[in-house]
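Written out below as structure tokens is the structure these notes cover.
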Amino acid sequence: MKILLFAHSGSPGGAESALRRFVLILRKRHQIQIVLPSVDSSEGRFYKSLGIRCFELKLAMALPHLPEALLAFQRINWEQVTSVLIAEKFDVLVSNTITTLHGSLLSSRLKLPHVTYVHEILEDAELLPSGLGRQRYLSCIAKASAGLIGCSMASLSQFEDLQSQPHICLEPFDYAAPPLPRQENLMAEKVLQVIGTQSYRKNVIFATTVAKALKILGMSVHLDFIGTKNNASAKLEQVLRKRGVSYRVLPFQDDPLAINIDKQVITLVGARSEPYGLTIPESLQRGIPVVSSRSGGPSEMLSNEWLYEVDDLDGCVRILRDIWSNYDSACNVARVNYRSIQHHSERANVEDRVERFLREVQNKEACLCWPFEPVLNLAGSISRPPIELDQIIKNISLVAAKFGSDVSAEDLKAQVDNEVAHPGAAVQADVRRFNVVPFAMSTEMDRLYAEGLGLSIELAATFNGPERKIMAAHIGCHLWNEFGVCSDTACILALGDGVGVDSIRLANAGFSVDYMDYDGSRMAEIAALNFDLVNRSLGASKRLRVVSKVERLYDAVVCLEVIEHVPDPEKFIEMISDCLKPNGIVYISDCFNGLEDRWPTHLSTNERYAGLLPLLMFTRFKLDTLNRRPLAKPFVFRKRDERDVPSVNELLIQREAWFDLIRQQLNIGI
């Protein structure tokens, strides 16, 4: 067969090691070609050294920032990519869960079977697809796959009805390799090593607390972190300075286990979710004991005596103390553990098993209806609203003329350009015009909202920015997960949407949207003109409406960067709740801490709520999910049932979950 593989990274790592092993198995009987984000990378150079042809395609990782990846898809010329690949006459395409979007899309267009190599467990928030439910995402992967390869049974077990399609477990480690000799030195230094990328999912911070606890208990332990920097690196350095333990932080090593081979070393795995855990068999092969969390793959390799529950400090420390108290015996247990895995596996006939799997996959029909197509189209609709900047400027000019202000479209275009160069200039001009005191609610501020054009100019300057697109794409993905794409399925209320572009994005994606802003304002008049134009182009009767009061209950409310302008946020939240059907959704973002020159209409009285929106929402809403990049832009809350009275304990749990997320994302606190 001729097989095309998609690799999500050109840098070394666990998934890359798994792919290398898979390629080395395949190339004995098949012709292999590989798509990489960069052919001039360590993985690219490795494959080229084997004589394997490599293609380069900038791959936007599907996880965890799915909306961002879908927007990036809009910039790829898929017809050109397809024309290049179709000439190669491949038989099967293979991609992993990070690049499934690419491989499965091209498989459907090339009418070829597609295989997903599952390298991830979608349980930790660090990997969950933003804007799309875990189960919906996994279901789409299954539908797009003629077969599944798992790096462990834990990774495969995520899929429902697994027996209905071809699947195979293919570990990244070659267990045909014999155990390696190592001489234990019982007088040597005790070393606890953590090998792998410094991410929150790998839970590297946990090891620092373990070392600190051991130190207080009188056990002198040196701590080594060996691996690439990641989202937890800054916090790791901060915590290590505070813990007062002996440590080193080392970069990626080709052979990290060699660093402490002559010490009383133990490998610690603290991951919250771990699809495999390549350092486990690598350590056991050398007689190095491994202590791991029960996080997926490790439970398939280690006995219960060396496993602890995720974040169970007490259990982890007690296991480590027991191992170091009889270290030579523990090393023998590691070797026995390694031989046991060898004995109870099917690894000896791995090539034949892979061959049977591929033949079965090749006989299956290709997925001609790509399951991600609707959400990809939705992202395209959101990223390309059917209205241009010139039309928005023209409508601002028309409304200005209606109320006696002679401002030409050319003058407004110059003001928009000035706003791009000097953010806040347009609103600051209105502040001076209406004699407004910045950051304070007043009758003058009311006039600014009702009669000013500055906010309209600001929104015209920013409506097509990348951050706004990502926010809208996140909302669109979540709506698709909830309701599908159909204007008859869900009705949305857009609160405070200014000139109405977010409403237009959602209408363009197929939803029915009511818009409500400052009653009788120039802004609402501009939005109405924009909607008239768009409704005609969409050919839908009243898909977009301007309303002055809530006339019905809605399935969802969209309210982005509005609540910081409101004098009473708690009352505003009650109003949102009253607009929603039972179990209704609100997509909301805030800028409570935005007392800056460019935002003089943000109220200083709301600054005290900075970082506390989930707590303000708590009595009426449950936190469902949130966009992680940009962080909390927006939050997604679900309306509570009237009988659902939140307990104090639930409040504490939600508060801690939010504070933990903030600490992770901003790398602050300990």
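In the structure tokens, the first chain shown is A, the next is B, and so on; residue numbers restart at 1 for each chain, and ligands run from 1 in the order shown.
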
Inset, instruction - Output as number ranges by chain all residues of segment 533-611 of chain A that backbone DSSP marks as strand (DSSP E or B). - result: A: 544-546, 554-560, 580-589

Could you turn the residues from that selection into a file that holds N, CA and C atoms, as a PDB file, in the first residue's frame?
```
ATOM      1  N   LEU A 544     -32.898  38.516  11.163  1.00  0.00           N
ATOM      2  CA  LEU A 544     -32.301  39.499  12.069  1.00  0.00           C
ATOM      3  C   LEU A 544     -33.344  40.571  12.373  1.00  0.00           C
ATOM      4  N   ARG A 545     -33.583  40.813  13.664  1.00  0.00           N
ATOM      5  CA  ARG A 545     -34.546  41.836  14.058  1.00  0.00           C
ATOM      6  C   ARG A 545     -33.954  42.713  15.145  1.00  0.00           C
ATOM      7  N   VAL A 546     -34.328  43.994  15.124  1.00  0.00           N
ATOM      8  CA  VAL A 546     -34.038  44.888  16.239  1.00  0.00           C
ATOM      9  C   VAL A 546     -35.286  44.933  17.112  1.00  0.00           C
ATOM     10  N   TYR A 554     -35.665  33.078  25.111  1.00  0.00           N
ATOM     11  CA  TYR A 554     -34.665  32.699  24.114  1.00  0.00           C
ATOM     12  C   TYR A 554     -33.918  31.440  24.531  1.00  0.00           C
ATOM     13  N   ASP A 555     -33.391  30.758  23.505  1.00  0.00           N
ATOM     14  CA  ASP A 555     -32.542  29.589  23.761  1.00  0.00           C
ATOM     15  C   ASP A 555     -31.158  30.013  24.233  1.00  0.00           C
ATOM     16  N   ALA A 556     -30.697  31.170  23.746  1.00  0.00           N
ATOM     17  CA  ALA A 556     -29.351  31.626  24.096  1.00  0.00           C
ATOM     18  C   ALA A 556     -29.304  33.144  24.068  1.00  0.00           C
ATOM     19  N   VAL A 557     -28.432  33.696  24.900  1.00  0.00           N
ATOM     20  CA  VAL A 557     -28.146  35.128  24.920  1.00  0.00           C
ATOM     21  C   VAL A 557     -26.661  35.305  24.666  1.00  0.00           C
ATOM     22  N   VAL A 558     -26.323  36.238  23.767  1.00  0.00           N
ATOM     23  CA  VAL A 558     -24.931  36.590  23.505  1.00  0.00           C
ATOM     24  C   VAL A 558     -24.714  38.019  23.996  1.00  0.00           C
ATOM     25  N   CYS A 559     -23.751  38.176  24.899  1.00  0.00           N
ATOM     26  CA  CYS A 559     -23.524  39.487  25.524  1.00  0.00           C
ATOM     27  C   CYS A 559     -22.021  39.660  25.743  1.00  0.00           C
ATOM     28  N   LEU A 560     -21.364  40.284  24.772  1.00  0.00           N
ATOM     29  CA  LEU A 560     -19.901  40.375  24.774  1.00  0.00           C
ATOM     30  C   LEU A 560     -19.436  41.786  25.090  1.00  0.00           C
ATOM     31  N   LEU A 580     -34.184  33.988  29.298  1.00  0.00           N
ATOM     32  CA  LEU A 580     -33.820  32.655  28.812  1.00  0.00           C
ATOM     33  C   LEU A 580     -34.859  31.596  29.149  1.00  0.00           C
ATOM     34  N   LYS A 581     -34.976  30.624  28.255  1.00  0.00           N
ATOM     35  CA  LYS A 581     -35.758  29.432  28.524  1.00  0.00           C
ATOM     36  C   LYS A 581     -35.065  28.610  29.612  1.00  0.00           C
ATOM     37  N   PRO A 582     -35.784  27.668  30.234  1.00  0.00           N
ATOM     38  CA  PRO A 582     -35.113  26.748  31.168  1.00  0.00           C
ATOM     39  C   PRO A 582     -33.929  26.062  30.486  1.00  0.00           C
ATOM     40  N   ASN A 583     -32.825  25.986  31.187  1.00  0.00           N
ATOM     41  CA  ASN A 583     -31.593  25.376  30.673  1.00  0.00           C
ATOM     42  C   ASN A 583     -30.971  26.188  29.542  1.00  0.00           C
ATOM     43  N   GLY A 584     -31.418  27.459  29.373  1.00  0.00           N
ATOM     44  CA  GLY A 584     -30.872  28.313  28.326  1.00  0.00           C
ATOM     45  C   GLY A 584     -29.424  28.678  28.591  1.00  0.00           C
ATOM     46  N   ILE A 585     -28.759  29.163  27.543  1.00  0.00           N
ATOM     47  CA  ILE A 585     -27.315  29.406  27.581  1.00  0.00           C
ATOM     48  C   ILE A 585     -27.053  30.893  27.430  1.00  0.00           C
ATOM     49  N   VAL A 586     -26.033  31.394  28.147  1.00  0.00           N
ATOM     50  CA  VAL A 586     -25.565  32.754  27.923  1.00  0.00           C
ATOM     51  C   VAL A 586     -24.075  32.724  27.628  1.00  0.00           C
ATOM     52  N   TYR A 587     -23.711  33.393  26.553  1.00  0.00           N
ATOM     53  CA  TYR A 587     -22.306  33.575  26.185  1.00  0.00           C
ATOM     54  C   TYR A 587     -21.957  35.011  26.584  1.00  0.00           C
ATOM     55  N   ILE A 588     -21.071  35.145  27.548  1.00  0.00           N
ATOM     56  CA  ILE A 588     -20.833  36.471  28.111  1.00  0.00           C
ATOM     57  C   ILE A 588     -19.350  36.666  28.404  1.00  0.00           C
ATOM     58  N   SER A 589     -18.863  37.850  28.094  1.00  0.00           N
ATOM     59  CA  SER A 589     -17.490  38.211  28.449  1.00  0.00           C
ATOM     60  C   SER A 589     -17.524  39.574  29.113  1.00  0.00           C
TER      61      SER A 589
END
```

Inset, instruction - Would you mind listing what lies within 10 Å of Ala524 of chain A as a list in words, with only C-alpha atoms counted and same-chain residues fewer than 3 positions away left out? - result: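 In the requested form, the answer reads Val399, Ala450, Ser456, Gly496, Asp497, Gly498, Val499, Gly500, Tyr515, Met516, Asp517, Tyr518, Asp519, Gly520, Ser521, Ala527, Ala528, Leu529, Asn530, Val546, Val547 and Ser548 of chain A.
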
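Summary of the local environment: counting only C-alpha atoms, residues at most 7 Å from Thr197 of chain A, other than itself and those fewer than 3 positions away along its chain, are Gly227, Thr228, Lys229 and Asn230 of chain A.
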
Inset, instruction - For segment 145-154 of chain A, please output as a list in words all residues within 7 Å (counting only C-alpha atoms; exclusion window: fewer than 2 positions along the same chain). - result: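 Once the nearby chain positions are removed, what remains is Pro113, His114, Val115, Thr116, Tyr117, Val118, His119, Ile141, Ala142, Lys143, Leu156, Ser157, Gln165, Pro166, His167, Ile168, Cys169, Leu170, Glu171, Pro172, Pro275, Tyr276, Gly296, Gly297, Val361, Lys364 and Ala366 of chain A.
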
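Rounded to one decimal, atom CA of Phe618 of chain A and atom CA of Asn606 of chain A lie 17.2 Å from each other.
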
Inset, instruction - Name all residues at most 8 Å from Asp311 of chain A (count only C-alpha atoms; drop same-chain ones fewer than 3 positions away) and give them as a PyMOL selection string. - result: chain A and resi 206+270+293

Legend entry - Distance query Trp480 of chain A at most 12 Å, only C-alpha atoms, self and fewer than 5 positions along chain excluded, as an NGL selection string: :A and (67 or 131-133 or 136-137 or 372-379 or 473-475 or 485-487 or 489-490 or 506 or 509-511)

Inset, instruction - Have a look at atom CA of Met617 of chain A and atom CA of Ile573 of chain A and let me know their distance in Å, one decimal. - result: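 Atom CA of Met617 of chain A sits 6.7 Å away from atom CA of Ile573 of chain A.
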
Inset, instruction - Give the alpha helix (DSSP H) residues of segment 445-642 of chain A, as assigned by DSSP on the backbone, as JSON, numbers by chain. - result: {"A": [445, 446, 447, 448, 449, 450, 451, 454, 455, 456, 457, 458, 459, 460, 461, 462, 466, 467, 468, 469, 470, 471, 472, 473, 474, 475, 476, 477, 478, 479, 480, 481, 482, 483, 501, 502, 503, 504, 505, 506, 507, 508, 522, 523, 524, 525, 526, 527, 528, 529, 530, 531, 532, 533, 534, 535, 536, 537, 538, 569, 570, 571, 572, 573, 574, 575, 576, 577, 578, 579, 613, 614, 615, 616, 617]}

Atoms kept (C-alpha atoms) for selection, written as a short mmCIF file (atom, residue, chain, number, x, y, z; two decimals), in the first residue's frame:
```cif
data_model
loop_
_atom_site.label_atom_id
_atom_site.label_comp_id
_atom_site.auth_asym_id
_atom_site.auth_seq_id
_atom_site.Cartn_x
_atom_site.Cartn_y
_atom_site.Cartn_z
CA MET A 445 -23.02 59.41 29.65
CA ASP A 446 -26.62 58.48 28.76
CA ARG A 447 -26.55 61.07 25.99
CA LEU A 448 -23.25 59.70 24.70
CA TYR A 449 -24.81 56.22 24.37
CA ALA A 450 -27.99 57.57 22.78
CA GLU A 451 -26.61 60.20 20.44
CA GLY A 454 -17.86 57.19 18.71
CA LEU A 455 -18.75 53.67 19.80
CA SER A 456 -20.00 52.90 16.28
CA ILE A 457 -16.70 54.08 14.82
CA GLU A 458 -14.77 52.00 17.36
CA LEU A 459 -16.75 48.88 16.47
CA ALA A 460 -16.36 49.51 12.76
CA ALA A 461 -12.60 49.64 13.31
CA THR A 462 -12.48 46.37 15.26
CA PRO A 466 -8.91 38.07 14.88
CA GLU A 467 -9.92 38.08 18.56
CA ARG A 468 -13.51 38.96 17.69
CA LYS A 469 -13.61 36.20 15.08
CA ILE A 470 -12.32 33.62 17.53
CA MET A 471 -14.91 34.65 20.13
CA ALA A 472 -17.68 34.33 17.54
CA ALA A 473 -16.31 30.99 16.28
CA HIS A 474 -16.28 29.62 19.83
CA ILE A 475 -19.93 30.62 20.25
CA GLY A 476 -20.80 29.14 16.87
CA CYS A 477 -19.16 25.80 17.68
CA HIS A 478 -20.97 25.60 21.00
CA LEU A 479 -24.31 26.48 19.38
CA TRP A 480 -23.72 23.79 16.75
CA ASN A 481 -23.02 21.29 19.50
CA GLU A 482 -26.25 22.28 21.26
CA PHE A 483 -28.69 22.85 18.41
CA VAL A 501 -21.88 42.47 13.41
CA ASP A 502 -21.88 39.57 15.90
CA SER A 503 -25.62 39.19 15.27
CA ILE A 504 -24.91 39.18 11.53
CA ARG A 505 -22.24 36.48 11.96
CA LEU A 506 -24.70 34.20 13.76
CA ALA A 507 -27.49 34.87 11.26
CA ASN A 508 -25.06 34.06 8.44
CA ARG A 522 -28.00 55.96 16.95
CA MET A 523 -26.20 52.62 17.31
CA ALA A 524 -29.44 50.64 17.11
CA GLU A 525 -30.48 52.63 14.03
CA ILE A 526 -27.17 51.78 12.34
CA ALA A 527 -27.64 48.10 13.24
CA ALA A 528 -31.15 48.17 11.74
CA LEU A 529 -29.77 49.45 8.43
CA ASN A 530 -27.07 46.77 8.50
CA PHE A 531 -29.72 44.11 9.16
CA ASP A 532 -31.94 45.27 6.30
CA LEU A 533 -29.04 44.79 3.94
CA VAL A 534 -28.08 41.38 5.34
CA ASN A 535 -31.64 40.03 5.51
CA ARG A 536 -32.02 40.77 1.81
CA SER A 537 -28.75 39.02 0.98
CA LEU A 538 -29.59 35.99 3.13
CA PRO A 569 -24.28 44.14 36.97
CA GLU A 570 -26.22 41.90 39.36
CA LYS A 571 -29.56 43.29 38.20
CA PHE A 572 -28.37 42.96 34.60
CA ILE A 573 -27.60 39.28 35.20
CA GLU A 574 -31.10 38.78 36.58
CA MET A 575 -32.49 40.34 33.42
CA ILE A 576 -30.45 37.95 31.27
CA SER A 577 -31.77 35.01 33.26
CA ASP A 578 -35.34 36.21 32.81
CA CYS A 579 -34.81 36.31 29.03
CA LEU A 613 -17.98 37.19 36.91
CA PRO A 614 -18.51 33.45 37.61
CA LEU A 615 -19.36 34.30 41.21
CA LEU A 616 -21.77 37.06 40.15
CA MET A 617 -23.49 34.60 37.81
#
```
